[in-house]
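Engineer: Below: one structure in structure tokens.
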Amino acid sequence: MVKYIQKLLRILKIEMVVVWLIVVAAVVLGEMDVIPNGLVAPKSPEEVKLNIAAVVLTILGIPLAIRLFTLNTTRGLRRMNNDEALRSYHIWSVVRIGILCIAAVFSVAIYYLATSVSGAFCALVALSATIYCWPSESKISSYLEDVNKE
């Protein structure tokens, strides 16, 4: 079982690094002007709408990602064996990181399109939330203990 936990832990860490690389790639694309810089006029209604969209996505996305993970990894533990529990843990970890990745990349794009700091701030907040989600052996082990308790 320890071998499976180590394998899952390695996969989750790789997926986390891939998410960070995706966000860095979005920043590089913005710096290379692939994402058009300043396409939206400053202080225009479009800029306000884009900034509101980035803030709302970040504010709703972070708690949603964490709550979805918590709900779906604690519900129904009684009917799962360890293999099913690890698979469920992996799936919901990917969903959680995916939501945070979407929020971060969208915010980076808004930062370059509108050249407003709120997009960069939202991207940093979403990326800092991924640090909270960093997988560890203790988190997976305590999850499996809960599975075995039920």
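Each chain of the structure tokens is named A, B, ... in the order shown, its residues numbered from 1; ligands are numbered from 1 in display order.
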Please list as a PDB file with all heavy atoms, in the first residue's frame every residue within 12 Å of Ser88 (chain A), counting only C-alpha atoms and excluding residues in the same chain fewer than 5 positions away.
Structural biologist:
```pdb
ATOM      1  N   LEU A   8       1.094   7.701  -6.098  1.00  0.00           N
ATOM      2  CA  LEU A   8       0.085   8.757  -6.173  1.00  0.00           C
ATOM      3  C   LEU A   8       0.686  10.098  -5.796  1.00  0.00           C
ATOM      4  O   LEU A   8       0.420  11.110  -6.459  1.00  0.00           O
ATOM      5  CB  LEU A   8      -1.109   8.433  -5.270  1.00  0.00           C
ATOM      6  CG  LEU A   8      -2.191   9.506  -5.182  1.00  0.00           C
ATOM      7  CD1 LEU A   8      -2.841   9.733  -6.540  1.00  0.00           C
ATOM      8  CD2 LEU A   8      -3.225   9.130  -4.145  1.00  0.00           C
ATOM      9  N   PHE A  69     -13.459  19.271  -3.224  1.00  0.00           N
ATOM     10  CA  PHE A  69     -12.503  18.226  -2.841  1.00  0.00           C
ATOM     11  C   PHE A  69     -12.890  17.620  -1.497  1.00  0.00           C
ATOM     12  O   PHE A  69     -12.944  16.404  -1.355  1.00  0.00           O
ATOM     13  CB  PHE A  69     -11.090  18.810  -2.785  1.00  0.00           C
ATOM     14  CG  PHE A  69     -10.060  17.813  -2.368  1.00  0.00           C
ATOM     15  CD1 PHE A  69      -9.576  16.901  -3.287  1.00  0.00           C
ATOM     16  CD2 PHE A  69      -9.578  17.783  -1.076  1.00  0.00           C
ATOM     17  CE1 PHE A  69      -8.617  15.961  -2.914  1.00  0.00           C
ATOM     18  CE2 PHE A  69      -8.626  16.856  -0.703  1.00  0.00           C
ATOM     19  CZ  PHE A  69      -8.142  15.944  -1.623  1.00  0.00           C
ATOM     20  N   THR A  70     -13.186  18.461  -0.537  1.00  0.00           N
ATOM     21  CA  THR A  70     -13.532  17.976   0.803  1.00  0.00           C
ATOM     22  C   THR A  70     -14.819  17.150   0.771  1.00  0.00           C
ATOM     23  O   THR A  70     -14.882  16.072   1.358  1.00  0.00           O
ATOM     24  CB  THR A  70     -13.696  19.157   1.777  1.00  0.00           C
ATOM     25  OG1 THR A  70     -12.488  19.910   1.772  1.00  0.00           O
ATOM     26  CG2 THR A  70     -13.994  18.677   3.170  1.00  0.00           C
ATOM     27  N   LEU A  71     -15.832  17.649   0.089  1.00  0.00           N
ATOM     28  CA  LEU A  71     -17.100  16.930   0.031  1.00  0.00           C
ATOM     29  C   LEU A  71     -16.956  15.570  -0.645  1.00  0.00           C
ATOM     30  O   LEU A  71     -17.483  14.567  -0.165  1.00  0.00           O
ATOM     31  CB  LEU A  71     -18.148  17.747  -0.722  1.00  0.00           C
ATOM     32  CG  LEU A  71     -18.779  18.904   0.017  1.00  0.00           C
ATOM     33  CD1 LEU A  71     -19.685  19.691  -0.916  1.00  0.00           C
ATOM     34  CD2 LEU A  71     -19.550  18.421   1.219  1.00  0.00           C
ATOM     35  N   ASN A  72     -16.257  15.533  -1.747  1.00  0.00           N
ATOM     36  CA  ASN A  72     -16.202  14.314  -2.530  1.00  0.00           C
ATOM     37  C   ASN A  72     -15.162  13.320  -2.050  1.00  0.00           C
ATOM     38  O   ASN A  72     -15.168  12.178  -2.494  1.00  0.00           O
ATOM     39  CB  ASN A  72     -15.969  14.644  -4.006  1.00  0.00           C
ATOM     40  CG  ASN A  72     -17.204  15.266  -4.596  1.00  0.00           C
ATOM     41  OD1 ASN A  72     -18.262  14.653  -4.645  1.00  0.00           O
ATOM     42  ND2 ASN A  72     -17.100  16.506  -5.014  1.00  0.00           N
ATOM     43  N   THR A  73     -14.270  13.738  -1.175  1.00  0.00           N
ATOM     44  CA  THR A  73     -13.333  12.770  -0.618  1.00  0.00           C
ATOM     45  C   THR A  73     -13.757  12.296   0.766  1.00  0.00           C
ATOM     46  O   THR A  73     -13.140  11.394   1.307  1.00  0.00           O
ATOM     47  CB  THR A  73     -11.898  13.344  -0.536  1.00  0.00           C
ATOM     48  OG1 THR A  73     -11.913  14.548   0.206  1.00  0.00           O
ATOM     49  CG2 THR A  73     -11.324  13.558  -1.912  1.00  0.00           C
ATOM     50  N   THR A  74     -14.792  12.883   1.331  1.00  0.00           N
ATOM     51  CA  THR A  74     -15.287  12.388   2.621  1.00  0.00           C
ATOM     52  C   THR A  74     -16.621  11.674   2.486  1.00  0.00           C
ATOM     53  O   THR A  74     -16.973  10.863   3.330  1.00  0.00           O
ATOM     54  CB  THR A  74     -15.456  13.550   3.628  1.00  0.00           C
ATOM     55  OG1 THR A  74     -16.306  14.541   3.066  1.00  0.00           O
ATOM     56  CG2 THR A  74     -14.121  14.147   3.984  1.00  0.00           C
ATOM     57  N   ARG A  75     -17.347  11.954   1.432  1.00  0.00           N
ATOM     58  CA  ARG A  75     -18.656  11.343   1.226  1.00  0.00           C
ATOM     59  C   ARG A  75     -18.487   9.935   0.674  1.00  0.00           C
ATOM     60  O   ARG A  75     -17.706   9.690  -0.226  1.00  0.00           O
ATOM     61  CB  ARG A  75     -19.438  12.203   0.231  1.00  0.00           C
ATOM     62  CG  ARG A  75     -20.849  11.809   0.021  1.00  0.00           C
ATOM     63  CD  ARG A  75     -21.467  12.760  -0.966  1.00  0.00           C
ATOM     64  NE  ARG A  75     -20.562  12.961  -2.097  1.00  0.00           N
ATOM     65  CZ  ARG A  75     -20.875  12.664  -3.352  1.00  0.00           C
ATOM     66  NH1 ARG A  75     -22.054  12.183  -3.636  1.00  0.00           N
ATOM     67  NH2 ARG A  75     -20.017  12.879  -4.321  1.00  0.00           N
ATOM     68  N   GLY A  76     -19.190   9.002   1.199  1.00  0.00           N
ATOM     69  CA  GLY A  76     -19.196   7.659   0.658  1.00  0.00           C
ATOM     70  C   GLY A  76     -17.948   6.851   0.953  1.00  0.00           C
ATOM     71  O   GLY A  76     -17.650   5.903   0.228  1.00  0.00           O
ATOM     72  N   LEU A  77     -17.210   7.206   1.993  1.00  0.00           N
ATOM     73  CA  LEU A  77     -15.987   6.465   2.301  1.00  0.00           C
ATOM     74  C   LEU A  77     -16.289   5.026   2.710  1.00  0.00           C
ATOM     75  O   LEU A  77     -15.471   4.136   2.507  1.00  0.00           O
ATOM     76  CB  LEU A  77     -15.217   7.151   3.431  1.00  0.00           C
ATOM     77  CG  LEU A  77     -14.552   8.479   3.099  1.00  0.00           C
ATOM     78  CD1 LEU A  77     -13.844   9.023   4.322  1.00  0.00           C
ATOM     79  CD2 LEU A  77     -13.578   8.321   1.970  1.00  0.00           C
ATOM     80  N   MET A  80     -15.962   2.328  -0.053  1.00  0.00           N
ATOM     81  CA  MET A  80     -14.744   2.282  -0.856  1.00  0.00           C
ATOM     82  C   MET A  80     -13.675   1.426  -0.193  1.00  0.00           C
ATOM     83  O   MET A  80     -13.508   1.467   1.021  1.00  0.00           O
ATOM     84  CB  MET A  80     -14.161   3.689  -1.034  1.00  0.00           C
ATOM     85  CG  MET A  80     -14.937   4.597  -1.911  1.00  0.00           C
ATOM     86  SD  MET A  80     -13.992   6.117  -2.137  1.00  0.00           S
ATOM     87  CE  MET A  80     -15.251   7.185  -2.754  1.00  0.00           C
ATOM     88  N   ASN A  81     -12.945   0.690  -1.033  1.00  0.00           N
ATOM     89  CA  ASN A  81     -11.736   0.055  -0.517  1.00  0.00           C
ATOM     90  C   ASN A  81     -10.584   1.041  -0.737  1.00  0.00           C
ATOM     91  O   ASN A  81     -10.778   2.127  -1.265  1.00  0.00           O
ATOM     92  CB  ASN A  81     -11.497  -1.302  -1.193  1.00  0.00           C
ATOM     93  CG  ASN A  81     -11.292  -1.189  -2.690  1.00  0.00           C
ATOM     94  OD1 ASN A  81     -10.836  -0.161  -3.183  1.00  0.00           O
ATOM     95  ND2 ASN A  81     -11.630  -2.243  -3.410  1.00  0.00           N
ATOM     96  N   ASN A  82      -9.368   0.645  -0.354  1.00  0.00           N
ATOM     97  CA  ASN A  82      -8.245   1.575  -0.441  1.00  0.00           C
ATOM     98  C   ASN A  82      -7.925   1.982  -1.875  1.00  0.00           C
ATOM     99  O   ASN A  82      -7.590   3.135  -2.134  1.00  0.00           O
ATOM    100  CB  ASN A  82      -7.005   0.975   0.219  1.00  0.00           C
ATOM    101  CG  ASN A  82      -7.097   1.034   1.730  1.00  0.00           C
ATOM    102  OD1 ASN A  82      -7.895   1.781   2.284  1.00  0.00           O
ATOM    103  ND2 ASN A  82      -6.283   0.248   2.407  1.00  0.00           N
ATOM    104  N   ASP A  83      -8.016   1.047  -2.819  1.00  0.00           N
ATOM    105  CA  ASP A  83      -7.721   1.385  -4.220  1.00  0.00           C
ATOM    106  C   ASP A  83      -8.728   2.394  -4.770  1.00  0.00           C
ATOM    107  O   ASP A  83      -8.354   3.357  -5.441  1.00  0.00           O
ATOM    108  CB  ASP A  83      -7.720   0.125  -5.088  1.00  0.00           C
ATOM    109  CG  ASP A  83      -6.554  -0.779  -4.777  1.00  0.00           C
ATOM    110  OD1 ASP A  83      -5.524  -0.271  -4.273  1.00  0.00           O
ATOM    111  OD2 ASP A  83      -6.663  -1.990  -5.034  1.00  0.00           O
ATOM    112  N   SER A  93      -8.393  15.615  -6.625  1.00  0.00           N
ATOM    113  CA  SER A  93      -7.229  16.497  -6.575  1.00  0.00           C
ATOM    114  C   SER A  93      -7.016  17.173  -7.918  1.00  0.00           C
ATOM    115  O   SER A  93      -6.704  18.366  -7.990  1.00  0.00           O
ATOM    116  CB  SER A  93      -5.969  15.704  -6.202  1.00  0.00           C
ATOM    117  OG  SER A  93      -6.037  15.253  -4.886  1.00  0.00           O
ATOM    118  N   VAL A  94      -7.199  16.414  -8.993  1.00  0.00           N
ATOM    119  CA  VAL A  94      -7.050  16.978 -10.341  1.00  0.00           C
ATOM    120  C   VAL A  94      -8.137  18.023 -10.600  1.00  0.00           C
ATOM    121  O   VAL A  94      -7.862  19.087 -11.173  1.00  0.00           O
ATOM    122  CB  VAL A  94      -7.073  15.861 -11.408  1.00  0.00           C
ATOM    123  CG1 VAL A  94      -7.186  16.437 -12.809  1.00  0.00           C
ATOM    124  CG2 VAL A  94      -5.842  14.991 -11.286  1.00  0.00           C
ATOM    125  N   VAL A  95      -9.356  17.752 -10.175  1.00  0.00           N
ATOM    126  CA  VAL A  95     -10.447  18.724 -10.345  1.00  0.00           C
ATOM    127  C   VAL A  95     -10.122  20.006  -9.582  1.00  0.00           C
ATOM    128  O   VAL A  95     -10.260  21.117 -10.117  1.00  0.00           O
ATOM    129  CB  VAL A  95     -11.792  18.129  -9.874  1.00  0.00           C
ATOM    130  CG1 VAL A  95     -12.867  19.200  -9.775  1.00  0.00           C
ATOM    131  CG2 VAL A  95     -12.233  17.014 -10.801  1.00  0.00           C
ATOM    132  N   ILE A 140      -2.492  12.083   2.554  1.00  0.00           N
ATOM    133  CA  ILE A 140      -3.034  10.870   1.939  1.00  0.00           C
ATOM    134  C   ILE A 140      -3.218   9.779   2.987  1.00  0.00           C
ATOM    135  O   ILE A 140      -4.237   9.077   2.993  1.00  0.00           O
ATOM    136  CB  ILE A 140      -2.124  10.395   0.783  1.00  0.00           C
ATOM    137  CG1 ILE A 140      -2.094  11.457  -0.318  1.00  0.00           C
ATOM    138  CG2 ILE A 140      -2.606   9.073   0.219  1.00  0.00           C
ATOM    139  CD1 ILE A 140      -1.087  11.192  -1.406  1.00  0.00           C
ATOM    140  N   TYR A 143      -6.221  10.468   5.093  1.00  0.00           N
ATOM    141  CA  TYR A 143      -7.410  10.180   4.282  1.00  0.00           C
ATOM    142  C   TYR A 143      -7.694   8.692   4.275  1.00  0.00           C
ATOM    143  O   TYR A 143      -8.830   8.265   4.462  1.00  0.00           O
ATOM    144  CB  TYR A 143      -7.198  10.718   2.868  1.00  0.00           C
ATOM    145  CG  TYR A 143      -8.246  10.287   1.893  1.00  0.00           C
ATOM    146  CD1 TYR A 143      -9.551  10.761   1.986  1.00  0.00           C
ATOM    147  CD2 TYR A 143      -7.951   9.402   0.875  1.00  0.00           C
ATOM    148  CE1 TYR A 143     -10.519  10.366   1.085  1.00  0.00           C
ATOM    149  CE2 TYR A 143      -8.902   9.003  -0.042  1.00  0.00           C
ATOM    150  CZ  TYR A 143     -10.177   9.481   0.077  1.00  0.00           C
ATOM    151  OH  TYR A 143     -11.139   9.092  -0.820  1.00  0.00           O
ATOM    152  N   LEU A 144      -6.661   7.885   4.088  1.00  0.00           N
ATOM    153  CA  LEU A 144      -6.853   6.434   4.075  1.00  0.00           C
ATOM    154  C   LEU A 144      -7.246   5.896   5.438  1.00  0.00           C
ATOM    155  O   LEU A 144      -8.004   4.925   5.544  1.00  0.00           O
ATOM    156  CB  LEU A 144      -5.589   5.725   3.565  1.00  0.00           C
ATOM    157  CG  LEU A 144      -5.352   5.820   2.075  1.00  0.00           C
ATOM    158  CD1 LEU A 144      -4.052   5.157   1.707  1.00  0.00           C
ATOM    159  CD2 LEU A 144      -6.504   5.240   1.290  1.00  0.00           C
ATOM    160  N   VAL A 147     -10.823   6.291   5.624  1.00  0.00           N
ATOM    161  CA  VAL A 147     -11.488   5.265   4.823  1.00  0.00           C
ATOM    162  C   VAL A 147     -11.568   3.965   5.621  1.00  0.00           C
ATOM    163  O   VAL A 147     -12.615   3.310   5.656  1.00  0.00           O
ATOM    164  CB  VAL A 147     -10.723   5.020   3.486  1.00  0.00           C
ATOM    165  CG1 VAL A 147     -11.231   3.785   2.787  1.00  0.00           C
ATOM    166  CG2 VAL A 147     -10.862   6.231   2.590  1.00  0.00           C
TER     167      VAL A 147
END
```
Engineer: Using only C-alpha atoms, tabulate the residues of region 87-125 of chain A lying at most 10 Å from any atom of region 27-40 of chain A, each with its closest atom pair and that distance in Å to one decimal, by chain and increasing residue number, as a Markdown table.
Structural biologist:
```
| residue | atom | partner | partner_atom | distance |
| --- | --- | --- | --- | --- |
| A:Val105 | CA | A:Val27 | CA | 8.5 |
| A:Val108 | CA | A:Val27 | CA | 6.6 |
| A:Ala109 | CA | A:Ile35 | CA | 6.9 |
| A:Ile110 | CA | A:Val40 | CA | 9.3 |
| A:Tyr111 | CA | A:Asn37 | CA | 8.4 |
| A:Tyr112 | CA | A:Asn37 | CA | 4.8 |
| A:Leu113 | CA | A:Gly38 | CA | 5.0 |
| A:Ala114 | CA | A:Val40 | CA | 4.9 |
| A:Thr115 | CA | A:Gly38 | CA | 5.4 |
| A:Ser116 | CA | A:Gly38 | CA | 8.9 |
| A:Ala120 | CA | A:Val27 | CA | 9.8 |
```
Engineer: Can those selected residues be exported to a file as an mmCIF file, in the first residue's frame so that it contains C-alpha atoms?
Structural biologist:
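File produced: part-v4.cif:
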```
data_model
loop_
_atom_site.group_PDB
_atom_site.id
_atom_site.type_symbol
_atom_site.label_atom_id
_atom_site.label_comp_id
_atom_site.auth_asym_id
_atom_site.auth_seq_id
_atom_site.Cartn_x
_atom_site.Cartn_y
_atom_site.Cartn_z
ATOM 1 C CA VAL A 105 -4.551 31.496 -16.370
ATOM 2 C CA VAL A 108 -3.029 36.292 -16.250
ATOM 3 C CA ALA A 109 -4.787 36.770 -19.592
ATOM 4 C CA ILE A 110 -6.881 39.595 -18.130
ATOM 5 C CA TYR A 111 -3.724 41.197 -16.744
ATOM 6 C CA TYR A 112 -2.182 41.385 -20.198
ATOM 7 C CA LEU A 113 -5.361 42.244 -22.100
ATOM 8 C CA ALA A 114 -6.386 45.047 -19.774
ATOM 9 C CA THR A 115 -2.982 45.877 -18.251
ATOM 10 C CA SER A 116 -4.576 46.188 -14.837
ATOM 11 C CA ALA A 120 -2.084 39.832 -11.691
#
```
Engineer: For the helix (DSSP H, G or I) assignment from backbone DSSP, which residues of region 19-52 of chain A qualify? Please present them as a list in words.
Structural biologist: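 Result set for region 19-52 of chain A (helix (DSSP H, G or I)): Val19, Trp20, Leu21, Ile22, Val23, Val24, Ala25, Ala26, Val27, Val28, Leu29, Gly30, Glu31, Pro45, Glu46, Glu47, Val48, Lys49, Leu50, Asn51 and Ile52 of chain A.
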Engineer: Go ahead and write the residues just picked, all heavy atoms, as a short mmCIF file (atom, residue, chain, number, x, y, z; two decimals), in the first residue's frame.
Structural biologist:
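As a result, out23.cif now contains:
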```
data_model
loop_
_atom_site.label_atom_id
_atom_site.label_comp_id
_atom_site.auth_asym_id
_atom_site.auth_seq_id
_atom_site.Cartn_x
_atom_site.Cartn_y
_atom_site.Cartn_z
N VAL A 19 0.81 22.49 -13.54
CA VAL A 19 -0.11 23.64 -13.42
C VAL A 19 0.70 24.93 -13.31
O VAL A 19 0.40 25.93 -13.97
CB VAL A 19 -1.06 23.47 -12.21
CG1 VAL A 19 -1.73 24.78 -11.84
CG2 VAL A 19 -2.09 22.41 -12.51
N TRP A 20 1.73 24.92 -12.47
CA TRP A 20 2.56 26.11 -12.34
C TRP A 20 3.24 26.45 -13.66
O TRP A 20 3.37 27.62 -14.01
CB TRP A 20 3.60 25.93 -11.24
CG TRP A 20 3.02 25.89 -9.85
CD1 TRP A 20 1.80 26.37 -9.46
CD2 TRP A 20 3.62 25.35 -8.69
NE1 TRP A 20 1.60 26.14 -8.12
CE2 TRP A 20 2.72 25.53 -7.62
CE3 TRP A 20 4.83 24.74 -8.44
CZ2 TRP A 20 2.99 25.13 -6.33
CZ3 TRP A 20 5.11 24.33 -7.14
CH2 TRP A 20 4.19 24.52 -6.10
N LEU A 21 3.69 25.42 -14.39
CA LEU A 21 4.33 25.66 -15.68
C LEU A 21 3.35 26.23 -16.70
O LEU A 21 3.72 27.07 -17.54
CB LEU A 21 4.96 24.37 -16.22
CG LEU A 21 6.20 23.89 -15.46
CD1 LEU A 21 6.66 22.54 -16.01
CD2 LEU A 21 7.32 24.91 -15.52
N ILE A 22 2.09 25.80 -16.63
CA ILE A 22 1.07 26.36 -17.51
C ILE A 22 0.87 27.85 -17.24
O ILE A 22 0.78 28.66 -18.16
CB ILE A 22 -0.26 25.58 -17.37
CG1 ILE A 22 -0.13 24.18 -17.97
CG2 ILE A 22 -1.42 26.34 -18.00
CD1 ILE A 22 -1.30 23.26 -17.67
N VAL A 23 0.84 28.21 -15.97
CA VAL A 23 0.67 29.62 -15.61
C VAL A 23 1.91 30.42 -16.05
O VAL A 23 1.78 31.52 -16.59
CB VAL A 23 0.40 29.78 -14.10
CG1 VAL A 23 0.37 31.25 -13.70
CG2 VAL A 23 -0.92 29.11 -13.73
N VAL A 24 3.10 29.86 -15.85
CA VAL A 24 4.32 30.53 -16.30
C VAL A 24 4.31 30.68 -17.82
O VAL A 24 4.71 31.72 -18.36
CB VAL A 24 5.58 29.77 -15.82
CG1 VAL A 24 6.83 30.25 -16.51
CG2 VAL A 24 5.72 29.90 -14.31
N ALA A 25 3.82 29.65 -18.53
CA ALA A 25 3.72 29.74 -19.99
C ALA A 25 2.77 30.86 -20.40
O ALA A 25 3.03 31.57 -21.38
CB ALA A 25 3.26 28.40 -20.57
N ALA A 26 1.68 31.03 -19.66
CA ALA A 26 0.74 32.12 -19.97
C ALA A 26 1.42 33.48 -19.76
O ALA A 26 1.23 34.40 -20.56
CB ALA A 26 -0.51 32.02 -19.10
N VAL A 27 2.24 33.59 -18.73
CA VAL A 27 2.98 34.83 -18.49
C VAL A 27 3.98 35.06 -19.62
O VAL A 27 4.11 36.19 -20.13
CB VAL A 27 3.69 34.80 -17.12
CG1 VAL A 27 4.64 35.97 -16.96
CG2 VAL A 27 2.66 34.80 -15.99
N VAL A 28 4.67 34.03 -20.03
CA VAL A 28 5.64 34.16 -21.12
C VAL A 28 4.93 34.58 -22.41
O VAL A 28 5.41 35.45 -23.15
CB VAL A 28 6.43 32.84 -21.31
CG1 VAL A 28 7.22 32.85 -22.61
CG2 VAL A 28 7.35 32.60 -20.12
N LEU A 29 3.78 33.98 -22.68
CA LEU A 29 3.01 34.37 -23.87
C LEU A 29 2.58 35.83 -23.79
O LEU A 29 2.56 36.54 -24.81
CB LEU A 29 1.80 33.46 -24.04
CG LEU A 29 2.09 32.02 -24.45
CD1 LEU A 29 0.80 31.20 -24.45
CD2 LEU A 29 2.76 31.97 -25.80
N GLY A 30 2.23 36.28 -22.61
CA GLY A 30 1.87 37.69 -22.44
C GLY A 30 3.06 38.61 -22.64
O GLY A 30 2.95 39.67 -23.25
N GLU A 31 4.21 38.20 -22.13
CA GLU A 31 5.42 39.02 -22.29
C GLU A 31 5.90 39.05 -23.73
O GLU A 31 6.49 40.03 -24.17
CB GLU A 31 6.53 38.51 -21.37
CG GLU A 31 6.30 38.78 -19.91
CD GLU A 31 6.26 40.25 -19.57
OE1 GLU A 31 7.03 41.04 -20.16
OE2 GLU A 31 5.42 40.63 -18.72
N PRO A 45 -15.58 50.33 -19.90
CA PRO A 45 -16.51 49.34 -19.34
C PRO A 45 -16.04 47.90 -19.57
O PRO A 45 -16.27 47.04 -18.73
CB PRO A 45 -17.82 49.61 -20.09
CG PRO A 45 -17.71 51.00 -20.58
CD PRO A 45 -16.25 51.26 -20.80
N GLU A 46 -15.35 47.66 -20.68
CA GLU A 46 -14.85 46.31 -20.95
C GLU A 46 -13.79 45.91 -19.93
O GLU A 46 -13.75 44.77 -19.48
CB GLU A 46 -14.26 46.21 -22.37
CG GLU A 46 -15.29 46.33 -23.48
CD GLU A 46 -15.65 47.78 -23.79
OE1 GLU A 46 -14.89 48.71 -23.41
OE2 GLU A 46 -16.71 47.99 -24.39
N GLU A 47 -12.93 46.86 -19.57
CA GLU A 47 -11.90 46.55 -18.57
C GLU A 47 -12.53 46.23 -17.23
O GLU A 47 -12.13 45.29 -16.55
CB GLU A 47 -10.93 47.73 -18.42
CG GLU A 47 -9.84 47.42 -17.39
CD GLU A 47 -9.08 48.65 -16.94
OE1 GLU A 47 -9.58 49.78 -17.10
OE2 GLU A 47 -7.99 48.45 -16.40
N VAL A 48 -13.54 46.99 -16.87
CA VAL A 48 -14.22 46.75 -15.60
C VAL A 48 -14.86 45.36 -15.61
O VAL A 48 -14.74 44.61 -14.64
CB VAL A 48 -15.27 47.85 -15.33
CG1 VAL A 48 -16.12 47.51 -14.13
CG2 VAL A 48 -14.59 49.20 -15.15
N LYS A 49 -15.51 45.02 -16.71
CA LYS A 49 -16.16 43.70 -16.80
C LYS A 49 -15.13 42.58 -16.72
O LYS A 49 -15.36 41.56 -16.04
CB LYS A 49 -16.95 43.59 -18.10
CG LYS A 49 -18.19 44.44 -18.13
CD LYS A 49 -18.86 44.39 -19.48
CE LYS A 49 -19.97 45.42 -19.57
NZ LYS A 49 -20.52 45.51 -20.92
N LEU A 50 -14.01 42.73 -17.41
CA LEU A 50 -12.98 41.70 -17.36
C LEU A 50 -12.38 41.57 -15.96
O LEU A 50 -12.14 40.46 -15.48
CB LEU A 50 -11.88 42.01 -18.39
CG LEU A 50 -12.26 41.81 -19.85
CD1 LEU A 50 -11.15 42.31 -20.76
CD2 LEU A 50 -12.58 40.35 -20.13
N ASN A 51 -12.14 42.70 -15.31
CA ASN A 51 -11.60 42.65 -13.95
C ASN A 51 -12.59 42.02 -12.98
O ASN A 51 -12.20 41.24 -12.11
CB ASN A 51 -11.22 44.06 -13.48
CG ASN A 51 -9.94 44.53 -14.10
OD1 ASN A 51 -9.07 43.74 -14.46
ND2 ASN A 51 -9.82 45.84 -14.26
N ILE A 52 -13.86 42.35 -13.14
CA ILE A 52 -14.88 41.74 -12.29
C ILE A 52 -14.94 40.23 -12.53
O ILE A 52 -15.04 39.45 -11.58
CB ILE A 52 -16.26 42.40 -12.51
CG1 ILE A 52 -16.27 43.81 -11.92
CG2 ILE A 52 -17.38 41.56 -11.91
CD1 ILE A 52 -17.51 44.62 -12.23
#
```
Engineer: Separation of CA of Val55 (chain A) and CA of Ser107 (chain A), in Å?
Structural biologist: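 Between CA of Val55 (chain A) and CA of Ser107 (chain A) the gap is 8.1 Å.
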Engineer: I'd like the neighbourhood of Gln6 (chain A) as a ChimeraX atom specification, where a residue qualifies if any of its atoms comes within 12 Å (using only C-alpha atoms), though same-chain residues fewer than 6 positions away should be ignored.
Structural biologist: /A:12-13,86,135-138,140-141
Engineer: With C-alpha atoms retained, could you export that selection as a CSV table (one decimal), in the first residue's frame?
Structural biologist:
```
chain,number,residue,atom,x,y,z
A,12,LEU,CA,0.1,14.6,-7.8
A,13,LYS,CA,3.3,16.6,-7.4
A,86,LEU,CA,-6.9,6.5,-3.8
A,135,PRO,CA,0.1,16.9,-1.7
A,136,SER,CA,1.8,15.2,1.2
A,137,GLU,CA,2.1,11.7,2.4
A,138,SER,CA,0.5,12.7,5.7
A,140,ILE,CA,-3.0,10.9,1.9
A,141,SER,CA,-2.4,8.6,4.9
```
